[in-house]
Every structure is written in C-alpha cells, then in structure tokens.
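Text of the file model-v3.cif, holding mmCIF, N, CA and C atoms:
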```
data_protein
#
loop_
_atom_site.label_atom_id
_atom_site.label_comp_id
_atom_site.auth_asym_id
_atom_site.auth_seq_id
_atom_site.Cartn_x
_atom_site.Cartn_y
_atom_site.Cartn_z
N MET A 22 0.84 -1.17 0.00
CA MET A 22 0.00 0.00 0.00
C MET A 22 0.88 1.24 0.00
N GLY A 23 0.31 2.36 -0.32
CA GLY A 23 1.06 3.60 -0.40
C GLY A 23 1.20 4.28 0.94
N ALA A 24 2.19 5.09 1.05
CA ALA A 24 2.42 5.82 2.30
C ALA A 24 1.68 7.15 2.24
N ASN A 25 1.26 7.63 3.39
CA ASN A 25 0.58 8.92 3.45
C ASN A 25 1.59 10.03 3.65
N LYS A 26 1.32 11.17 3.04
CA LYS A 26 2.20 12.32 3.21
C LYS A 26 1.98 12.93 4.57
N LYS A 27 3.03 13.48 5.13
CA LYS A 27 2.87 14.22 6.37
C LYS A 27 2.33 15.59 6.03
N ARG A 28 1.36 16.02 6.81
CA ARG A 28 0.77 17.34 6.58
C ARG A 28 1.19 18.27 7.69
N SER A 29 1.15 19.54 7.40
CA SER A 29 1.47 20.52 8.44
C SER A 29 0.35 20.53 9.46
N SER A 30 0.64 21.00 10.64
CA SER A 30 -0.34 20.97 11.72
C SER A 30 -1.56 21.83 11.41
N THR A 31 -1.39 22.94 10.70
CA THR A 31 -2.53 23.80 10.42
C THR A 31 -3.48 23.16 9.40
N SER A 32 -2.94 22.48 8.40
CA SER A 32 -3.82 21.87 7.40
C SER A 32 -4.56 20.67 7.98
N SER A 33 -3.91 19.93 8.87
CA SER A 33 -4.60 18.78 9.49
C SER A 33 -5.69 19.26 10.44
N GLU A 34 -5.50 20.40 11.11
CA GLU A 34 -6.54 20.94 11.99
C GLU A 34 -7.74 21.41 11.19
N LYS A 35 -7.50 22.01 10.03
CA LYS A 35 -8.59 22.50 9.19
C LYS A 35 -9.44 21.34 8.70
N THR A 36 -8.81 20.28 8.24
CA THR A 36 -9.57 19.14 7.72
C THR A 36 -10.31 18.42 8.84
N ALA A 37 -9.72 18.34 10.02
CA ALA A 37 -10.37 17.67 11.14
C ALA A 37 -11.60 18.44 11.60
N SER A 38 -11.48 19.79 11.68
CA SER A 38 -12.62 20.58 12.15
C SER A 38 -13.73 20.63 11.10
N ALA A 39 -13.38 20.63 9.82
CA ALA A 39 -14.40 20.67 8.77
C ALA A 39 -15.14 19.35 8.68
N GLY A 40 -14.46 18.25 8.84
CA GLY A 40 -15.08 16.93 8.73
C GLY A 40 -16.05 16.65 9.85
N VAL A 41 -15.79 17.12 11.07
CA VAL A 41 -16.65 16.84 12.22
C VAL A 41 -18.00 17.52 12.05
N GLY A 42 -18.02 18.75 11.61
CA GLY A 42 -19.28 19.47 11.45
C GLY A 42 -20.17 18.86 10.39
N GLU A 43 -19.57 18.37 9.31
CA GLU A 43 -20.36 17.79 8.22
C GLU A 43 -21.01 16.48 8.66
N LYS A 44 -20.29 15.69 9.42
CA LYS A 44 -20.84 14.40 9.86
C LYS A 44 -22.04 14.60 10.77
N LYS A 45 -21.98 15.57 11.66
CA LYS A 45 -23.11 15.81 12.56
C LYS A 45 -24.35 16.23 11.79
N GLU A 46 -24.20 17.07 10.79
CA GLU A 46 -25.34 17.51 10.00
C GLU A 46 -25.95 16.34 9.23
N ARG A 47 -25.12 15.47 8.70
CA ARG A 47 -25.62 14.35 7.93
C ARG A 47 -26.42 13.39 8.82
N LYS A 48 -25.93 13.13 10.02
CA LYS A 48 -26.64 12.23 10.92
C LYS A 48 -27.99 12.81 11.31
N GLU A 49 -28.07 14.10 11.53
CA GLU A 49 -29.33 14.73 11.89
C GLU A 49 -30.32 14.66 10.72
N ASP A 50 -29.83 14.87 9.50
CA ASP A 50 -30.69 14.78 8.32
C ASP A 50 -31.25 13.38 8.16
N ARG A 51 -30.41 12.38 8.38
CA ARG A 51 -30.87 10.99 8.26
C ARG A 51 -31.92 10.68 9.31
N ALA A 52 -31.73 11.16 10.53
CA ALA A 52 -32.69 10.89 11.60
C ALA A 52 -34.04 11.51 11.27
N GLU A 53 -34.05 12.71 10.69
CA GLU A 53 -35.31 13.34 10.31
C GLU A 53 -36.00 12.57 9.19
N ASP A 54 -35.21 12.07 8.21
CA ASP A 54 -35.79 11.30 7.11
C ASP A 54 -36.42 10.02 7.60
N ARG A 55 -35.77 9.36 8.53
CA ARG A 55 -36.31 8.11 9.06
C ARG A 55 -37.62 8.35 9.80
N GLY A 56 -37.73 9.43 10.52
CA GLY A 56 -38.94 9.73 11.26
C GLY A 56 -40.12 9.94 10.34
N THR A 57 -39.92 10.60 9.23
CA THR A 57 -41.03 10.83 8.31
C THR A 57 -41.44 9.55 7.61
N GLN A 58 -40.49 8.65 7.35
CA GLN A 58 -40.84 7.40 6.69
C GLN A 58 -41.70 6.53 7.60
N LYS A 59 -41.41 6.50 8.87
CA LYS A 59 -42.18 5.68 9.79
C LYS A 59 -43.62 6.17 9.91
N GLN A 60 -43.82 7.46 9.80
CA GLN A 60 -45.16 8.00 9.93
C GLN A 60 -46.03 7.69 8.71
N LYS A 61 -45.43 7.48 7.56
CA LYS A 61 -46.18 7.22 6.34
C LYS A 61 -46.74 5.81 6.29
N LEU A 62 -46.15 4.87 7.02
CA LEU A 62 -46.60 3.48 6.96
C LEU A 62 -47.92 3.30 7.67
N ALA A 63 -48.81 2.57 7.04
CA ALA A 63 -50.11 2.28 7.65
C ALA A 63 -49.97 1.10 8.61
N VAL A 64 -50.85 1.02 9.57
CA VAL A 64 -50.79 -0.02 10.58
C VAL A 64 -51.71 -1.17 10.23
N PHE A 65 -52.78 -0.92 9.52
CA PHE A 65 -53.74 -1.98 9.19
C PHE A 65 -54.13 -1.90 7.72
N VAL A 66 -54.78 -2.96 7.25
CA VAL A 66 -55.19 -3.04 5.85
C VAL A 66 -56.70 -3.23 5.80
N GLU A 67 -57.37 -2.42 5.00
CA GLU A 67 -58.80 -2.62 4.79
C GLU A 67 -58.96 -3.79 3.82
N GLU A 68 -59.96 -4.62 4.06
CA GLU A 68 -60.10 -5.85 3.28
C GLU A 68 -60.35 -5.58 1.80
N SER A 69 -61.17 -4.60 1.49
CA SER A 69 -61.47 -4.31 0.08
C SER A 69 -60.22 -3.82 -0.66
N GLN A 70 -59.48 -2.94 -0.03
CA GLN A 70 -58.25 -2.40 -0.64
C GLN A 70 -57.19 -3.50 -0.75
N GLY A 71 -57.11 -4.36 0.25
CA GLY A 71 -56.14 -5.45 0.24
C GLY A 71 -56.42 -6.45 -0.86
N ARG A 72 -57.68 -6.77 -1.08
CA ARG A 72 -58.04 -7.73 -2.14
C ARG A 72 -57.73 -7.16 -3.52
N LYS A 73 -57.94 -5.85 -3.72
CA LYS A 73 -57.62 -5.22 -4.99
C LYS A 73 -56.13 -5.30 -5.26
N THR A 74 -55.33 -5.10 -4.23
CA THR A 74 -53.88 -5.18 -4.38
C THR A 74 -53.45 -6.60 -4.69
N LEU A 75 -54.06 -7.58 -4.04
CA LEU A 75 -53.70 -8.98 -4.24
C LEU A 75 -54.05 -9.47 -5.63
N GLN A 76 -55.11 -8.94 -6.23
CA GLN A 76 -55.55 -9.41 -7.55
C GLN A 76 -54.52 -9.10 -8.63
N GLY A 77 -53.75 -8.05 -8.46
CA GLY A 77 -52.75 -7.68 -9.45
C GLY A 77 -51.42 -8.38 -9.28
N MET A 78 -51.27 -9.20 -8.24
CA MET A 78 -49.98 -9.84 -7.95
C MET A 78 -49.97 -11.28 -8.45
N LYS A 79 -48.84 -11.69 -9.05
CA LYS A 79 -48.70 -13.08 -9.49
C LYS A 79 -48.37 -13.97 -8.29
N ALA A 80 -47.23 -13.72 -7.68
CA ALA A 80 -46.82 -14.48 -6.50
C ALA A 80 -47.05 -13.59 -5.28
N ILE A 81 -47.84 -14.05 -4.36
CA ILE A 81 -48.20 -13.25 -3.20
C ILE A 81 -47.31 -13.64 -2.03
N THR A 82 -46.52 -12.69 -1.56
CA THR A 82 -45.71 -12.88 -0.36
C THR A 82 -46.02 -11.73 0.59
N ALA A 83 -45.69 -11.93 1.85
CA ALA A 83 -45.93 -10.86 2.83
C ALA A 83 -45.09 -9.64 2.50
N GLN A 84 -43.86 -9.85 2.07
CA GLN A 84 -42.98 -8.74 1.75
C GLN A 84 -43.46 -7.98 0.53
N GLY A 85 -43.88 -8.71 -0.50
CA GLY A 85 -44.38 -8.06 -1.72
C GLY A 85 -45.67 -7.31 -1.48
N PHE A 86 -46.56 -7.92 -0.71
CA PHE A 86 -47.83 -7.26 -0.41
C PHE A 86 -47.63 -6.01 0.43
N ALA A 87 -46.69 -6.09 1.38
CA ALA A 87 -46.41 -4.92 2.23
C ALA A 87 -45.88 -3.76 1.40
N LYS A 88 -45.01 -4.06 0.46
CA LYS A 88 -44.46 -3.01 -0.39
C LYS A 88 -45.53 -2.43 -1.31
N ALA A 89 -46.37 -3.28 -1.87
CA ALA A 89 -47.39 -2.82 -2.81
C ALA A 89 -48.48 -2.00 -2.13
N SER A 90 -48.82 -2.35 -0.90
CA SER A 90 -49.91 -1.65 -0.22
C SER A 90 -49.44 -0.57 0.73
N GLY A 91 -48.14 -0.51 1.02
CA GLY A 91 -47.59 0.55 1.88
C GLY A 91 -47.83 0.33 3.35
N VAL A 92 -47.84 -0.93 3.79
CA VAL A 92 -48.02 -1.24 5.20
C VAL A 92 -46.78 -1.95 5.72
N LYS A 93 -46.71 -2.15 7.02
CA LYS A 93 -45.61 -2.89 7.61
C LYS A 93 -45.75 -4.37 7.26
N ILE A 94 -44.63 -5.08 7.27
CA ILE A 94 -44.65 -6.50 6.93
C ILE A 94 -45.46 -7.29 7.93
N SER A 95 -45.40 -6.91 9.20
CA SER A 95 -46.18 -7.63 10.21
C SER A 95 -47.68 -7.48 9.96
N ALA A 96 -48.12 -6.29 9.55
CA ALA A 96 -49.53 -6.07 9.24
C ALA A 96 -49.93 -6.85 7.99
N ALA A 97 -49.05 -6.88 7.00
CA ALA A 97 -49.33 -7.63 5.77
C ALA A 97 -49.41 -9.12 6.07
N ASN A 98 -48.52 -9.61 6.92
CA ASN A 98 -48.50 -11.02 7.27
C ASN A 98 -49.78 -11.43 8.00
N SER A 99 -50.23 -10.61 8.93
CA SER A 99 -51.46 -10.94 9.65
C SER A 99 -52.68 -10.88 8.72
N PHE A 100 -52.68 -9.95 7.78
CA PHE A 100 -53.78 -9.86 6.81
C PHE A 100 -53.81 -11.09 5.91
N ILE A 101 -52.64 -11.52 5.45
CA ILE A 101 -52.55 -12.71 4.59
C ILE A 101 -52.99 -13.95 5.35
N LYS A 102 -52.57 -14.06 6.60
CA LYS A 102 -52.98 -15.23 7.41
C LYS A 102 -54.49 -15.24 7.64
N SER A 103 -55.09 -14.07 7.84
CA SER A 103 -56.54 -14.03 8.04
C SER A 103 -57.28 -14.44 6.75
N LEU A 104 -56.76 -14.03 5.58
CA LEU A 104 -57.37 -14.44 4.32
C LEU A 104 -57.18 -15.93 4.07
N GLU A 105 -56.06 -16.47 4.54
CA GLU A 105 -55.83 -17.90 4.39
C GLU A 105 -56.82 -18.70 5.24
N LEU A 106 -57.12 -18.22 6.43
CA LEU A 106 -58.10 -18.89 7.29
C LEU A 106 -59.51 -18.82 6.69
N LYS A 107 -59.81 -17.73 5.99
CA LYS A 107 -61.12 -17.58 5.35
C LYS A 107 -61.24 -18.40 4.07
N GLY A 108 -60.11 -18.87 3.54
CA GLY A 108 -60.14 -19.66 2.32
C GLY A 108 -59.98 -18.86 1.06
N VAL A 109 -59.54 -17.63 1.16
CA VAL A 109 -59.35 -16.78 -0.01
C VAL A 109 -57.98 -17.03 -0.64
N LEU A 110 -56.98 -17.35 0.17
CA LEU A 110 -55.62 -17.63 -0.29
C LEU A 110 -55.25 -19.06 0.07
N THR A 111 -54.31 -19.62 -0.69
CA THR A 111 -53.77 -20.93 -0.35
C THR A 111 -52.25 -20.88 -0.48
N ASN A 112 -51.58 -21.62 0.38
CA ASN A 112 -50.12 -21.68 0.39
C ASN A 112 -49.66 -22.62 -0.72
N VAL A 113 -48.80 -22.12 -1.62
CA VAL A 113 -48.33 -22.96 -2.72
C VAL A 113 -46.84 -23.25 -2.65
N GLY A 114 -46.12 -22.65 -1.74
CA GLY A 114 -44.68 -22.90 -1.65
C GLY A 114 -44.02 -21.99 -0.65
N GLY A 115 -42.70 -21.97 -0.74
CA GLY A 115 -41.91 -21.14 0.15
C GLY A 115 -41.21 -21.97 1.21
N TYR A 116 -40.31 -21.35 1.92
CA TYR A 116 -39.54 -22.04 2.94
C TYR A 116 -39.09 -21.04 3.99
N SER A 117 -38.81 -21.53 5.16
CA SER A 117 -38.22 -20.77 6.26
C SER A 117 -39.00 -19.49 6.57
N GLY A 118 -40.30 -19.56 6.58
CA GLY A 118 -41.10 -18.40 6.94
C GLY A 118 -41.44 -17.49 5.77
N HIS A 119 -40.82 -17.68 4.61
CA HIS A 119 -41.10 -16.87 3.43
C HIS A 119 -42.06 -17.64 2.53
N ARG A 120 -43.31 -17.57 2.86
CA ARG A 120 -44.34 -18.35 2.16
C ARG A 120 -44.82 -17.63 0.91
N VAL A 121 -45.22 -18.42 -0.08
CA VAL A 121 -45.78 -17.90 -1.32
C VAL A 121 -47.21 -18.39 -1.40
N TYR A 122 -48.13 -17.47 -1.69
CA TYR A 122 -49.56 -17.79 -1.70
C TYR A 122 -50.13 -17.58 -3.08
N LYS A 123 -51.31 -18.20 -3.30
CA LYS A 123 -52.04 -18.04 -4.55
C LYS A 123 -53.46 -17.64 -4.22
N LEU A 124 -54.01 -16.72 -4.97
CA LEU A 124 -55.37 -16.25 -4.77
C LEU A 124 -56.35 -17.26 -5.37
N ILE A 125 -57.32 -17.68 -4.58
CA ILE A 125 -58.35 -18.60 -5.05
C ILE A 125 -59.52 -17.77 -5.55
N LYS A 126 -59.94 -18.01 -6.77
CA LYS A 126 -61.02 -17.19 -7.35
C LYS A 126 -62.34 -17.88 -7.27
#
```
Would you encode the structure as structure tokens?
Amino acid sequence: MGANKKRSSTSSEKTASAGVGEKKERKEDRAEDRGTQKQKLAVFVEESQGRKTLQGMKAITAQGFAKASGVKISAANSFIKSLELKGVLTNVGGYSGHRVYKLIK
C-alpha cells in the first residue's frame, strides 16, 4: 500500500474541524428522514383495498404485499394469514417463513 504524506499541523486541523461538522449535519438529516418514513406506513389493511392489491400480484408474499400496499410486513402477514383462514388464499410454496400464496377465485 502507499504511504501517506505528512501534513502541516494547520492543514490537518482544518480538515479535522471541517469533517466533524459535516458528519453531525448528515446524521441529523438521516434521523429526520427516518422519522417521516415511519409515519407514512399504515398499521392496518382494509379488506377491500387489500383484495384489490392482491388481484394484481402473481406471487403473493408478505414482503411483496407490504411493499405494494404501503403497510408494515407484520400487518401484511397478519392480513394474509386471516385471508388464508377464510379460504381466499392458499399456500403454494416457500420455505423458512417466506411463504408464497395463490389467490383462489
């Protein structure tokens, strides 16, 4: 690997002080972005809206349904399980908790 050049004390102080301020601003911006994303996610799924979303999907998974409908994966999973109990969906494959379902018409 290459060797680093020695810098004068004033130039190293300038780069150190400039880098610290930028990192703090970036972390604060990221924290604000994360907060707004969490507020946009819905907590529950209405059955009529959920069925419309499911009709357009080929392979139905909890992750795919959550992304398509804009809800959390846990909410999508509970909605899919409730439809499976009602007989609207059937399990056709998957492994290790990542199940694939098919819509029964």
Task: Matched chain/residue IDs from the PyMOL selection byres ((chain A and resi 75-88) around 6.5), as an MDAnalysis selection string - done: chainID A and resid 70:74 89:94 97:98 120:123
Export, as a CSV table (one decimal), in the frame of the given file, the selected residues with N, CA and C atoms.
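Saved the output as part29.csv:
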```csv
chain,number,residue,atom,x,y,z
A,70,GLN,N,-59.5,-2.9,0.0
A,70,GLN,CA,-58.2,-2.4,-0.6
A,70,GLN,C,-57.2,-3.5,-0.8
A,71,GLY,N,-57.1,-4.4,0.2
A,71,GLY,CA,-56.1,-5.4,0.2
A,71,GLY,C,-56.4,-6.4,-0.9
A,72,ARG,N,-57.7,-6.8,-1.1
A,72,ARG,CA,-58.0,-7.7,-2.1
A,72,ARG,C,-57.7,-7.2,-3.5
A,73,LYS,N,-57.9,-5.8,-3.7
A,73,LYS,CA,-57.6,-5.2,-5.0
A,73,LYS,C,-56.1,-5.3,-5.3
A,74,THR,N,-55.3,-5.1,-4.2
A,74,THR,CA,-53.9,-5.2,-4.4
A,74,THR,C,-53.4,-6.6,-4.7
A,89,ALA,N,-46.4,-3.3,-1.9
A,89,ALA,CA,-47.4,-2.8,-2.8
A,89,ALA,C,-48.5,-2.0,-2.1
A,90,SER,N,-48.8,-2.4,-0.9
A,90,SER,CA,-49.9,-1.6,-0.2
A,90,SER,C,-49.4,-0.6,0.7
A,91,GLY,N,-48.1,-0.5,1.0
A,91,GLY,CA,-47.6,0.6,1.9
A,91,GLY,C,-47.8,0.3,3.4
A,92,VAL,N,-47.8,-0.9,3.8
A,92,VAL,CA,-48.0,-1.2,5.2
A,92,VAL,C,-46.8,-2.0,5.7
A,93,LYS,N,-46.7,-2.2,7.0
A,93,LYS,CA,-45.6,-2.9,7.6
A,93,LYS,C,-45.8,-4.4,7.3
A,94,ILE,N,-44.6,-5.1,7.3
A,94,ILE,CA,-44.6,-6.5,6.9
A,94,ILE,C,-45.5,-7.3,7.9
A,97,ALA,N,-49.0,-6.9,7.0
A,97,ALA,CA,-49.3,-7.6,5.8
A,97,ALA,C,-49.4,-9.1,6.1
A,98,ASN,N,-48.5,-9.6,6.9
A,98,ASN,CA,-48.5,-11.0,7.3
A,98,ASN,C,-49.8,-11.4,8.0
A,120,ARG,N,-43.3,-17.6,2.9
A,120,ARG,CA,-44.3,-18.4,2.2
A,120,ARG,C,-44.8,-17.6,0.9
A,121,VAL,N,-45.2,-18.4,-0.1
A,121,VAL,CA,-45.8,-17.9,-1.3
A,121,VAL,C,-47.2,-18.4,-1.4
A,122,TYR,N,-48.1,-17.5,-1.7
A,122,TYR,CA,-49.6,-17.8,-1.7
A,122,TYR,C,-50.1,-17.6,-3.1
A,123,LYS,N,-51.3,-18.2,-3.3
A,123,LYS,CA,-52.0,-18.0,-4.6
A,123,LYS,C,-53.5,-17.6,-4.2
```
- [ ] For atom CA of A:Leu124 and atom CA of A:Leu110, quote the distance in Å rounded to one decimal.
- [x] 4.7 Å
Task: atom CA of A:Ser95 to atom CA of A:Gly108, distance in Å rounded to a single decimal - done: 20.0 Å
Task: Distance in Å - atom N of A:Thr111 versus atom CA of A:Ile125 - done: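 For atom N of A:Thr111 relative to atom CA of A:Ile125, the distance reads 6.0 Å.
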